[in-house]
Each structure stands twice: as C-alpha cells, then as structure tokens.
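Quick look at my_file08.cif (mmCIF, C-alpha atoms):
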data_entry
loop_
_atom_site.label_atom_id
_atom_site.label_comp_id
_atom_site.auth_asym_id
_atom_site.auth_seq_id
_atom_site.Cartn_x
_atom_site.Cartn_y
_atom_site.Cartn_z
CA MET A 1 -60.43 -186.39 -38.55
CA SER A 2 -61.82 -183.83 -36.21
CA GLY A 3 -59.88 -180.67 -35.41
CA ALA A 4 -60.25 -177.81 -32.95
CA PRO A 5 -62.96 -175.34 -33.85
CA GLU A 6 -61.67 -172.28 -35.62
CA SER A 7 -61.82 -169.13 -33.47
CA SER A 8 -63.75 -166.28 -35.01
CA PRO A 9 -61.75 -163.09 -35.49
CA SER A 10 -62.23 -160.66 -32.62
CA THR A 11 -64.26 -157.62 -33.56
CA SER A 12 -63.21 -154.26 -32.09
CA LEU A 13 -65.81 -151.84 -30.83
CA LEU A 14 -64.11 -148.87 -32.53
CA THR A 15 -62.22 -148.57 -35.75
CA ALA A 16 -58.66 -147.24 -35.84
CA SER A 17 -59.76 -143.76 -36.95
CA GLN A 18 -62.41 -143.67 -34.24
CA ARG A 19 -59.84 -144.67 -31.59
CA ARG A 20 -57.58 -141.87 -32.75
CA ALA A 21 -60.47 -139.41 -32.57
CA VAL A 22 -61.36 -140.55 -29.04
CA GLY A 23 -57.73 -140.34 -27.96
CA PHE A 24 -57.44 -136.83 -29.38
CA ALA A 25 -60.66 -135.78 -27.62
CA LEU A 26 -59.47 -137.16 -24.28
CA THR A 27 -56.10 -135.48 -24.67
CA LEU A 28 -57.77 -132.18 -25.55
CA ALA A 29 -60.09 -132.50 -22.55
CA ALA A 30 -57.11 -133.17 -20.28
CA VAL A 31 -55.23 -130.15 -21.65
CA CYS A 32 -58.32 -127.94 -21.26
CA GLY A 33 -58.81 -129.22 -17.71
CA ALA A 34 -55.18 -128.49 -16.84
CA LEU A 35 -55.47 -124.99 -18.34
CA ALA A 36 -58.71 -124.41 -16.43
CA LEU A 37 -57.01 -125.44 -13.18
CA LEU A 38 -54.06 -123.14 -13.91
CA ILE A 39 -56.37 -120.22 -14.70
CA ALA A 40 -58.47 -120.88 -11.59
CA GLY A 41 -55.33 -121.09 -9.48
CA GLY A 42 -54.01 -117.86 -10.98
CA LEU A 43 -57.31 -116.08 -10.34
CA ALA A 44 -57.44 -117.38 -6.77
CA LEU A 45 -53.85 -116.25 -6.21
CA GLY A 46 -54.62 -112.85 -7.69
CA ARG A 47 -57.68 -112.41 -5.47
CA MET A 48 -55.70 -113.48 -2.42
CA ILE A 49 -52.89 -111.05 -3.23
CA SER A 50 -55.46 -108.30 -3.81
CA PHE A 51 -57.14 -109.05 -0.47
CA PHE A 52 -53.84 -108.95 1.42
CA SER A 53 -52.28 -106.22 -0.75
CA SER A 54 -52.06 -103.75 2.14
CA VAL A 55 -49.85 -106.25 3.97
CA LEU A 56 -47.91 -107.52 0.95
CA TRP A 57 -46.94 -104.32 -0.85
CA PRO A 58 -44.69 -102.99 1.98
CA LEU A 59 -42.97 -106.39 2.08
CA ALA A 60 -42.60 -106.40 -1.71
CA VAL A 61 -41.17 -102.87 -1.78
CA ALA A 62 -38.74 -103.65 1.04
CA GLY A 63 -37.70 -106.91 -0.66
CA VAL A 64 -37.03 -105.21 -3.98
CA LEU A 65 -35.06 -102.42 -2.29
CA ALA A 66 -33.04 -105.03 -0.37
CA LEU A 67 -32.13 -106.81 -3.60
CA MET A 68 -31.11 -103.49 -5.17
CA LEU A 69 -29.01 -102.37 -2.19
CA ARG A 70 -27.46 -105.78 -1.40
CA PRO A 71 -24.41 -105.26 -3.70
CA ILE A 72 -23.67 -101.91 -2.02
CA VAL A 73 -23.81 -103.47 1.45
CA ASP A 74 -21.53 -106.32 0.32
CA LEU A 75 -19.12 -103.82 -1.26
CA LEU A 76 -18.91 -101.71 1.90
CA GLY A 77 -18.32 -104.81 3.96
CA ALA A 78 -15.57 -106.09 1.65
CA ARG A 79 -13.76 -102.81 0.87
CA LEU A 80 -14.03 -101.02 4.22
CA ARG A 81 -14.10 -104.20 6.34
CA LEU A 82 -17.28 -103.08 8.05
CA ARG A 83 -19.66 -105.33 9.90
CA ARG A 84 -22.90 -105.85 8.03
CA ILE A 85 -24.96 -103.87 10.53
CA THR A 86 -22.47 -100.98 10.30
CA ALA A 87 -22.67 -101.01 6.49
CA VAL A 88 -26.48 -100.92 6.66
CA VAL A 89 -26.38 -98.00 9.13
CA VAL A 90 -23.98 -96.14 6.81
CA ILE A 91 -26.37 -96.62 3.88
CA TYR A 92 -29.31 -95.43 5.97
CA GLY A 93 -27.39 -92.36 7.12
CA THR A 94 -26.29 -91.49 3.57
CA ALA A 95 -29.83 -91.93 2.23
CA LEU A 96 -31.20 -89.75 5.06
CA LEU A 97 -28.73 -86.96 4.28
CA MET A 98 -29.47 -87.11 0.54
CA CYS A 99 -33.24 -87.11 1.09
CA SER A 100 -33.00 -84.24 3.58
CA GLY A 101 -30.93 -82.15 1.16
CA THR A 102 -33.28 -82.89 -1.72
CA LEU A 103 -36.33 -82.02 0.35
CA LEU A 104 -34.80 -78.77 1.54
CA LEU A 105 -34.14 -77.74 -2.05
CA LEU A 106 -37.26 -79.05 -3.79
CA LEU A 107 -39.96 -79.31 -1.14
CA PRO A 108 -40.96 -75.61 -0.81
CA PRO A 109 -41.46 -74.96 -4.57
CA LEU A 110 -42.94 -78.44 -5.03
CA VAL A 111 -45.54 -77.94 -2.27
CA ASP A 112 -46.42 -74.50 -3.67
CA GLN A 113 -46.95 -75.99 -7.13
CA VAL A 114 -49.03 -78.89 -5.79
CA LEU A 115 -51.34 -76.56 -3.87
CA ASP A 116 -51.58 -74.15 -6.83
CA PHE A 117 -52.34 -77.05 -9.17
CA ILE A 118 -55.17 -78.29 -6.93
CA GLY A 119 -56.63 -74.79 -6.82
CA TYR A 120 -56.18 -74.32 -10.58
CA VAL A 121 -58.13 -77.42 -11.62
CA PRO A 122 -61.60 -75.71 -11.45
CA THR A 123 -60.20 -72.76 -13.40
CA LEU A 124 -58.84 -75.11 -16.04
CA GLY A 125 -62.28 -76.69 -16.41
CA GLU A 126 -63.93 -73.30 -16.79
CA GLN A 127 -61.38 -72.24 -19.41
CA ALA A 128 -61.98 -75.43 -21.37
CA SER A 129 -65.74 -74.85 -21.27
CA LEU A 130 -65.38 -71.21 -22.36
CA TYR A 131 -63.04 -72.16 -25.20
CA ILE A 132 -65.46 -74.75 -26.55
CA GLU A 133 -68.41 -72.35 -26.24
CA SER A 134 -66.60 -69.51 -28.04
CA HIS A 135 -64.87 -71.49 -30.78
CA TYR A 136 -67.24 -74.40 -31.38
CA PRO A 137 -70.80 -73.20 -30.56
CA ASP A 138 -72.21 -75.64 -33.10
CA TRP A 139 -70.86 -78.52 -31.00
CA ILE A 140 -72.72 -77.22 -27.93
CA THR A 141 -75.95 -76.86 -29.91
CA PHE A 142 -75.52 -80.31 -31.42
CA ALA A 143 -74.84 -81.87 -28.00
CA GLN A 144 -77.85 -80.15 -26.42
CA ARG A 145 -80.10 -81.24 -29.29
CA GLN A 146 -78.91 -84.83 -29.01
CA LEU A 147 -79.28 -84.91 -25.24
CA ALA A 148 -82.91 -83.81 -25.66
CA ASN A 149 -83.52 -87.17 -27.32
CA PRO A 150 -84.66 -89.62 -24.59
CA VAL A 151 -82.74 -92.54 -26.11
CA VAL A 152 -79.46 -90.61 -26.30
CA ARG A 153 -79.98 -89.20 -22.81
CA GLN A 154 -80.61 -92.69 -21.40
CA LEU A 155 -77.53 -94.03 -23.21
CA SER A 156 -75.33 -91.19 -21.90
CA GLU A 157 -76.60 -91.74 -18.36
CA GLY A 158 -75.84 -95.44 -18.68
CA LEU A 159 -72.32 -94.71 -19.95
CA GLY A 160 -71.80 -92.28 -17.09
CA ALA A 161 -72.86 -94.91 -14.56
CA GLU A 162 -70.53 -97.47 -16.16
CA ALA A 163 -67.66 -94.97 -16.04
CA GLN A 164 -68.30 -94.38 -12.34
CA ASN A 165 -68.34 -98.12 -11.66
CA LEU A 166 -65.11 -98.56 -13.63
CA PHE A 167 -63.48 -95.77 -11.66
CA LYS A 168 -64.57 -97.34 -8.40
CA GLN A 169 -63.21 -100.75 -9.43
CA THR A 170 -59.84 -99.52 -10.74
CA LEU A 171 -59.02 -97.10 -7.94
CA PRO A 172 -60.21 -98.78 -4.72
CA SER A 173 -57.12 -97.92 -2.71
CA LEU A 174 -57.15 -94.25 -3.72
CA ARG A 175 -60.86 -93.99 -2.93
CA ALA A 176 -60.34 -95.56 0.47
CA ALA A 177 -57.32 -93.37 1.22
CA GLY A 178 -59.00 -90.17 0.12
CA GLY A 179 -62.35 -91.00 1.68
CA SER A 180 -61.31 -91.31 5.31
CA LEU A 181 -58.55 -90.37 7.68
CA LEU A 182 -58.37 -94.04 8.67
CA GLY A 183 -57.29 -94.97 5.14
CA LEU A 184 -54.66 -92.25 5.13
CA GLY A 185 -53.40 -93.39 8.51
CA ALA A 186 -53.19 -97.00 7.37
CA PHE A 187 -51.29 -96.01 4.22
CA ALA A 188 -48.87 -93.89 6.26
CA THR A 189 -48.34 -96.79 8.67
CA HIS A 190 -47.59 -99.22 5.84
CA LEU A 191 -45.25 -96.68 4.28
CA ALA A 192 -43.42 -96.12 7.57
CA ILE A 193 -42.88 -99.86 8.14
CA ILE A 194 -40.92 -100.26 4.87
CA PRO A 195 -37.61 -98.96 6.34
CA VAL A 196 -37.99 -101.43 9.22
CA TYR A 197 -38.53 -104.36 6.85
CA LEU A 198 -35.67 -103.14 4.67
CA PHE A 199 -33.27 -102.93 7.63
CA PHE A 200 -33.82 -106.57 8.61
CA PHE A 201 -33.80 -107.76 4.99
CA LEU A 202 -30.42 -106.10 4.42
CA LEU A 203 -29.05 -107.71 7.57
CA SER A 204 -30.21 -111.17 6.55
CA VAL A 205 -29.54 -111.09 2.80
CA GLY A 206 -25.80 -111.53 2.30
CA GLY A 207 -24.04 -112.88 -0.76
CA ASP A 208 -26.21 -115.16 -2.88
CA PRO A 209 -29.83 -115.17 -1.55
CA THR A 210 -30.33 -118.68 -2.98
CA LYS A 211 -27.23 -120.32 -1.52
CA ASN A 212 -29.24 -122.30 1.05
CA LEU A 213 -32.03 -123.17 -1.37
CA PRO A 214 -30.61 -126.58 -2.47
CA GLU A 215 -30.75 -127.82 1.13
CA HIS A 216 -34.48 -127.08 1.31
CA LEU A 217 -35.16 -128.80 -2.04
CA SER A 218 -33.28 -132.04 -1.38
CA PHE A 219 -36.48 -134.05 -2.02
CA LEU A 220 -36.37 -133.13 -5.73
CA LYS A 221 -34.36 -134.83 -8.43
CA PRO A 222 -31.00 -133.12 -9.05
CA THR A 223 -31.94 -131.99 -12.57
CA VAL A 224 -35.29 -130.58 -11.47
CA ARG A 225 -33.67 -128.94 -8.46
CA ASP A 226 -31.00 -127.32 -10.61
CA ASP A 227 -33.62 -125.99 -13.04
CA LEU A 228 -35.71 -124.59 -10.20
CA ILE A 229 -32.73 -122.88 -8.57
CA PHE A 230 -31.71 -121.45 -11.94
CA LEU A 231 -35.21 -119.99 -12.44
CA VAL A 232 -35.27 -118.50 -8.93
CA ARG A 233 -31.87 -116.88 -9.50
CA GLU A 234 -33.01 -115.55 -12.86
CA PHE A 235 -36.16 -114.10 -11.29
CA ILE A 236 -34.19 -112.42 -8.50
CA GLY A 237 -31.73 -111.02 -11.03
CA ILE A 238 -34.53 -109.71 -13.26
CA ILE A 239 -36.33 -108.11 -10.30
CA ALA A 240 -33.20 -106.39 -9.01
CA SER A 241 -31.90 -105.15 -12.37
CA PHE A 242 -35.33 -104.07 -13.64
CA PHE A 243 -36.32 -101.95 -10.66
CA ARG A 244 -32.80 -100.59 -10.19
CA GLY A 245 -32.78 -99.49 -13.82
CA GLN A 246 -36.37 -98.23 -13.91
CA ILE A 247 -36.00 -96.12 -10.78
CA LEU A 248 -32.79 -94.55 -12.08
CA ILE A 249 -34.35 -93.94 -15.51
CA GLY A 250 -37.49 -92.49 -13.90
CA LEU A 251 -35.51 -90.07 -11.72
CA ILE A 252 -33.40 -88.88 -14.67
CA MET A 253 -36.47 -88.46 -16.90
CA GLY A 254 -38.32 -86.63 -14.11
CA ALA A 255 -35.46 -84.17 -13.68
CA LEU A 256 -35.19 -83.58 -17.44
CA LEU A 257 -38.95 -83.14 -17.90
CA ALA A 258 -39.20 -80.82 -14.90
CA LEU A 259 -36.34 -78.71 -16.26
CA GLY A 260 -37.76 -78.65 -19.79
CA PHE A 261 -41.34 -77.84 -18.75
CA SER A 262 -40.12 -75.08 -16.43
CA LEU A 263 -37.94 -73.51 -19.13
CA ILE A 264 -40.73 -73.33 -21.72
CA GLY A 265 -43.11 -71.72 -19.21
CA LEU A 266 -45.57 -74.56 -18.55
CA LYS A 267 -47.51 -74.04 -15.34
CA PHE A 268 -46.60 -76.48 -12.55
CA GLY A 269 -43.78 -77.82 -14.76
CA LEU A 270 -41.65 -78.89 -11.78
CA PHE A 271 -44.47 -80.85 -10.15
CA ILE A 272 -45.75 -82.46 -13.37
CA GLY A 273 -42.28 -83.32 -14.67
CA LEU A 274 -41.21 -85.08 -11.47
CA CYS A 275 -44.52 -86.97 -11.22
CA VAL A 276 -44.34 -88.12 -14.85
CA GLY A 277 -40.76 -89.29 -14.35
CA VAL A 278 -41.60 -91.31 -11.24
CA LEU A 279 -44.64 -92.85 -12.96
CA ASN A 280 -42.32 -94.14 -15.69
CA ILE A 281 -41.33 -96.88 -13.25
CA VAL A 282 -44.38 -98.54 -14.79
CA PRO A 283 -43.52 -98.50 -18.54
CA TYR A 284 -45.67 -96.15 -20.66
CA LEU A 285 -47.78 -95.07 -17.66
CA GLY A 286 -45.87 -91.83 -17.20
CA SER A 287 -46.02 -91.01 -20.90
CA ILE A 288 -49.79 -91.52 -21.10
CA ILE A 289 -50.60 -89.55 -17.95
CA GLY A 290 -48.04 -86.90 -18.83
CA LEU A 291 -49.59 -86.19 -22.23
CA ALA A 292 -53.10 -86.22 -20.76
CA LEU A 293 -52.06 -83.56 -18.22
CA THR A 294 -49.63 -81.35 -20.08
CA LEU A 295 -51.34 -80.89 -23.45
CA PRO A 296 -54.66 -79.45 -22.15
CA LEU A 297 -52.77 -77.37 -19.58
CA ALA A 298 -50.40 -75.96 -22.21
CA PHE A 299 -53.27 -75.09 -24.52
CA LEU A 300 -55.64 -73.56 -21.93
CA GLN A 301 -53.33 -71.68 -19.57
CA ASN A 302 -53.40 -67.87 -19.86
CA ASP A 303 -50.25 -67.50 -21.98
CA GLY A 304 -50.72 -70.88 -23.67
CA GLY A 305 -51.83 -71.99 -27.10
CA TRP A 306 -50.67 -74.13 -29.97
CA LYS A 307 -47.12 -72.81 -29.68
CA LEU A 308 -46.81 -73.99 -26.07
CA VAL A 309 -48.40 -77.31 -27.01
CA GLY A 310 -45.72 -77.75 -29.65
CA LEU A 311 -42.99 -76.89 -27.14
CA VAL A 312 -44.39 -79.41 -24.66
CA LEU A 313 -44.45 -82.09 -27.33
CA GLY A 314 -40.90 -81.16 -28.30
CA VAL A 315 -39.64 -81.51 -24.73
CA LYS A 316 -41.48 -84.80 -24.31
CA MET A 317 -40.11 -86.13 -27.61
CA ILE A 318 -36.51 -85.11 -26.82
CA VAL A 319 -36.62 -86.70 -23.36
CA GLN A 320 -38.31 -89.82 -24.74
CA LEU A 321 -35.70 -90.20 -27.48
CA PHE A 322 -32.92 -89.71 -24.92
CA GLU A 323 -34.51 -92.39 -22.76
CA GLY A 324 -34.93 -94.81 -25.67
CA TRP A 325 -31.52 -94.31 -27.27
CA VAL A 326 -29.28 -93.62 -24.28
CA LEU A 327 -30.78 -94.38 -20.87
CA THR A 328 -32.49 -97.71 -21.51
CA PRO A 329 -29.65 -99.28 -23.58
CA LYS A 330 -26.99 -98.10 -21.10
CA ILE A 331 -28.83 -98.82 -17.85
CA MET A 332 -31.20 -101.68 -18.65
CA GLY A 333 -29.45 -103.29 -21.60
CA ALA A 334 -31.34 -106.30 -22.98
CA ARG A 335 -32.15 -107.73 -19.57
CA THR A 336 -35.84 -108.35 -20.15
CA GLY A 337 -35.74 -108.75 -23.94
CA LEU A 338 -39.49 -108.17 -24.30
CA HIS A 339 -41.25 -106.61 -27.27
CA PRO A 340 -43.04 -103.29 -26.54
CA VAL A 341 -46.43 -104.85 -27.39
CA THR A 342 -45.68 -107.68 -24.96
CA ILE A 343 -44.86 -105.10 -22.27
CA ILE A 344 -48.18 -103.27 -22.79
CA VAL A 345 -50.21 -106.51 -22.71
CA ALA A 346 -48.29 -107.70 -19.64
CA ILE A 347 -49.02 -104.48 -17.74
CA PHE A 348 -52.77 -104.78 -18.36
CA PHE A 349 -52.79 -108.56 -17.73
CA TRP A 350 -50.93 -108.55 -14.41
CA GLY A 351 -52.64 -105.36 -13.31
CA THR A 352 -55.98 -107.12 -13.80
CA ALA A 353 -54.79 -110.41 -12.31
CA PHE A 354 -53.47 -108.77 -9.13
CA ASP A 355 -56.21 -106.12 -9.16
CA GLY A 356 -54.06 -103.07 -8.64
CA VAL A 357 -50.84 -101.16 -9.05
CA LEU A 358 -48.79 -103.98 -7.49
CA GLY A 359 -49.50 -106.17 -10.50
CA MET A 360 -48.56 -103.36 -12.89
CA LEU A 361 -45.25 -102.85 -11.08
CA LEU A 362 -44.43 -106.57 -11.18
CA ALA A 363 -45.72 -107.08 -14.74
CA ILE A 364 -42.38 -106.88 -16.55
CA PRO A 365 -40.35 -109.03 -14.09
CA LEU A 366 -43.09 -111.68 -13.94
CA THR A 367 -43.44 -111.80 -17.72
CA ALA A 368 -39.67 -111.95 -18.22
CA PHE A 369 -39.50 -114.77 -15.68
CA PHE A 370 -42.15 -116.83 -17.46
CA VAL A 371 -40.46 -116.20 -20.80
CA THR A 372 -37.18 -117.42 -19.30
CA ALA A 373 -38.91 -120.48 -17.84
CA TRP A 374 -40.53 -121.30 -21.19
CA ARG A 375 -37.22 -120.97 -23.02
CA LEU A 376 -35.56 -123.30 -20.50
CA VAL A 377 -38.33 -125.90 -20.77
CA LYS A 378 -38.40 -125.69 -24.56
CA HIS A 379 -34.62 -125.99 -24.85
CA LYS A 380 -34.26 -128.81 -22.33
CA TYR A 381 -37.40 -130.90 -22.73
CA PHE A 382 -38.77 -130.10 -26.19
CA ALA A 383 -35.54 -129.82 -28.15
CA ALA A 384 -36.42 -132.82 -30.30
#
Write the structure described by the file as structure tokens, please.
Amino acid sequence: MSGAPESSPSTSLLTASQRRAVGFALTLAAVCGALALLIAGGLALGRMISFFSSVLWPLAVAGVLALMLRPIVDLLGARLRLRRITAVVVIYGTALLMCSGTLLLLLPPLVDQVLDFIGYVPTLGEQASLYIESHYPDWITFAQRQLANPVVRQLSEGLGAEAQNLFKQTLPSLRAAGGSLLGLGAFATHLAIIPVYLFFFLLSVGGDPTKNLPEHLSFLKPTVRDDLIFLVREFIGIIASFFRGQILIGLIMGALLALGFSLIGLKFGLFIGLCVGVLNIVPYLGSIIGLALTLPLAFLQNDGGWKLVGLVLGVKMIVQLFEGWVLTPKIMGARTGLHPVTIIVAIFFWGTAFDGVLGMLLAIPLTAFFVTAWRLVKHKYFAA
C-alpha cells in the first residue's frame, strides 16, 4: 500500500535568536535614522533662522509683546467699552508718556556714566597691570620666562587665535553693527519697525489666538487635533507668562542693583546695575556678566579694595536672594517647572542651535514646551 511521500520539515535560514537579533538591529537602525533626520532638520531650521534672524527677531519681539499686552487691550475694551484700535492707541500713549518720563529722569546721568565707563576702560586695564606688577612680580617674571620658550609661545599664540575665532563666531551681529554705519542703520531700522508690527498684532489678536485653529486643522483626527491645539495653547501661555515675568523681574532687579551699587560707591553703579538687571531676561546671563564687571571694578577703582568687593558681593547676594525667594515665586510661580541645570543646558543648546541671542531668549519657553509635549505623549500614549 503506497502512501504520499512524507514532506521534509522546512528549514529556516535563521534561528529564533538570530531573528530577534536582526529585528533589534533593524529597529535600532530605524530609530537612529529617525533621530538623524530630526537632528538634521533641527540644524537646518537653526541655520535658516540664523540666516533670516535680522528679519525674524523684530517679528518675534513684536509677537511676544503682543501676547503680553493682549490681556490689557481686552480689559480696556471690556471695562471702558473702547474699540480695539482706541484701546491700542491708549496703551501706546501711556507707554510713550512713561518712557518719556523715565528718559528725562535717567537719561542724563545714564549717558554720562556710559561715556565715563567707555573712557575708564583703558585706565582700568592700566590699574590692573600696575597692581599685578607691584604685588605679584614673580608672576610677571614667570610668565616672561615661559613665553621665552618657543613651544609655550606657539601654544599661547594658537590659543589667542582660537579665542579670536570664537569671539568672531559668537558675536557676529555685534561685530557687524560696530564695524559699519550700515550695520547700525539696519539695526535701528529693525528696532523702529517693532512698534509697527506690534500695533497690527494687537489689532488682530483678540481673545483666544487659537480660536480659529481647529478650522485650519480639520484634516487631522479629532484626538490628534485636540492634542496639537492644547500644545499650541500651552506654548503661547508659556511664552507670554515667561517673558512678562522675566521682564518685570529684570526691571526690579536692575533698579535694586543700581540703587545698591550707587549707595556703596561703585563707579558707574547706575549704568551697570540697570544693564545687569535687563540682561537677567536671559537666566543667569546678568549674574555672570555682572560679577565679571563689578568685581574687578570694585577692586581696582581708586577708592576700592577688598572692602568694596565684599560690599558688591553683599548687594548682589541680597538682590539675588530677594529674586529667588520673593520675585520669582510671586511673579513666575511654577510655570516652567524646570531644574536650574536644565535651564543652563537649554540656554547653551538653543543659543547654539539658533546661532545667537534669539535662541538664548527662547531657550526656556522652547524647553518648557517640549517638556510639556513629552509629558502629554507619555501620559496619553505610553501610559501602559
């Protein structure tokens, strides 16, 4: 009795462990490819923003100011029953009066201090050189002996060249503005166009800026559309609250530092205090530049010394503690919820990605937005 021939068992090319290894490798390659595309896209976006930064930064400043002033315009329209254009004109007139009064009070002494500071910089360098020569002559002898060595001299020249290249790369806009009248004219033009942008933004932005967004995203699924609208609203809220809080904190800190530095007798205390306060719009930037300016000045000015250095540190510490314990909790609250180390890394990261100060200004809002987006995705899609 003849039967059908038995079929031989099919042999697989790969074992089960090998198939798992290949699957893992392909998955890893796909993830790496996706990350590479994201990084390339981010770099391309950063280069594009850097290239068009002279056009974008006035728009960005006007947009942020419009988001900050929108509640005031809405309040004037609701309480005083003013037309929107009338409310905007009232805000412009009030801001003009306040700026004019502030300039009349602060501009003359501020201009005097700025001009005196510029003229005092060479004197400060000479005083620093004389102090080192008189108190630490061994350092001068040691440095001269080391520079006589060809290897050390070549290394120092190389470091100097690298420092010059770094300065040229990190401050292109300042170099361009200070190097030609054309750069100064372009900067003044971009600065003057901000009020024009702001006027039209305030006229067009009424109520919720995202109220018409669902109509433009009707091609998306409802859940995806809702998530996207939520993220956009969160980003707008973070932008508005962050810059509103940082500007207010910076102005208060500038006034306190200017008052404190002037009272203890620091040269150019009004000018330095106000500048340091304004620079605090970028977190930690004002503190770093402020210490780099005030400590050598306090030590080397004619009536200065270690006592004045201690007073400067005391003023800086008191204002910093007041900012950390009172201003930031009351004004900012826990809006961003970012760790200080995260803030520092974000400032350097976005400053490098966008190749300039614009990235440093937007570092905290952008980072807070991505943190919010990650929390939403993790809670909604990776909860299991």
Proximity of range 176-255 of chain A to range 59-66 of chain A: per-residue shortest pair, 8 Å limit, all atoms listed in the file, as a tab-separated table:
residue	atom	partner	partner_atom	distance
A:Ile194	CA	A:Ala62	CA	5.6
A:Pro195	CA	A:Ala62	CA	7.2
A:Tyr197	CA	A:Ala62	CA	5.9
A:Leu198	CA	A:Ala62	CA	4.8
A:Phe201	CA	A:Ala66	CA	6.1
A:Leu202	CA	A:Ala66	CA	5.6
A:Val205	CA	A:Ala66	CA	7.7
A:Ile239	CA	A:Val64	CA	7.0
A:Ala240	CA	A:Val64	CA	6.4
A:Phe243	CA	A:Val64	CA	7.5
What is the CA of Thr189 in chain A-CA of Met48 in chain A distance in Å, reported with one decimal?
-> 21.3 Å
Using the chain letters and numbers from the file, which residues does the PyMOL selection byres ((chain A and resi 229) around 12) grab, as a ChimeraX atom specification?
-> /A:208-218,220,222-228,230-236,373
Applied to this file, what does the PyMOL selection byres ((chain A and resi 282) around 12) return in terms of residues, put as a ChimeraX atom specification?
-> /A:242-243,245-247,249-250,276-281,283-289,343-344,346-348,350-351,357-365
Evaluate the PyMOL selection byres ((chain A and resi 312) around 9) on the structure here and hand back the selected residues as a list in words.
-> Gly260, Phe261, Ile264, Leu266, Leu291, Thr294, Leu295, Ala298, Lys307, Leu308, Val309, Gly310, Leu311, Leu313, Gly314, Val315, Lys316 and Met317 of chain A
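For the choices A:Val377, A:Leu203, A:Ala192, A:Ile252, the atom-to-atom distance to Val73 in chain A is smallest for A:Leu203 when using all atoms listed in the file.
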Closest of A:Ile238, A:Leu97, A:Leu300, A:Ala258 to Thr372 in chain A - atom-to-atom distances counting all atoms listed in the file | A:Ile238
May I ask for the distance between CA of Leu248 in chain A and CA of Leu274 in chain A, given in Å to one decimal place?
->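 Those two atoms sit 12.7 Å apart.
Straight-line separation from CA of Ala255 in chain A to CA of Gly273 in chain A: 6.9 Å.
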Taking all atoms listed in the file into account, which of A:Trp57, A:Leu251, A:Phe349, A:Gly23 comes nearest His190 in chain A?
->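 For His190 in chain A, the nearest of the given residues is A:Trp57.
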For Thr86 in chain A: contacts at 12 Å, all atoms listed in the file, fewer than 6 positions along chain excluded, given as a VMD selection string = chain A and resid 73 to 74 76 to 77 80 92 to 93 199 202 to 203
Restricting the calculation to all atoms listed in the file, which member of A:Leu256, A:Leu297, A:Met98, A:Val88 is positioned closest to Phe200 in chain A?
->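 Of A:Leu256, A:Leu297, A:Met98, A:Val88, the one nearest Phe200 in chain A, counting all atoms listed in the file, is A:Val88.
If only C-alpha atoms are the atoms counted, then among A:Val371, A:Phe299, A:Ala353, A:Val341 the closest residue to Ile39 in chain A is A:Ala353.
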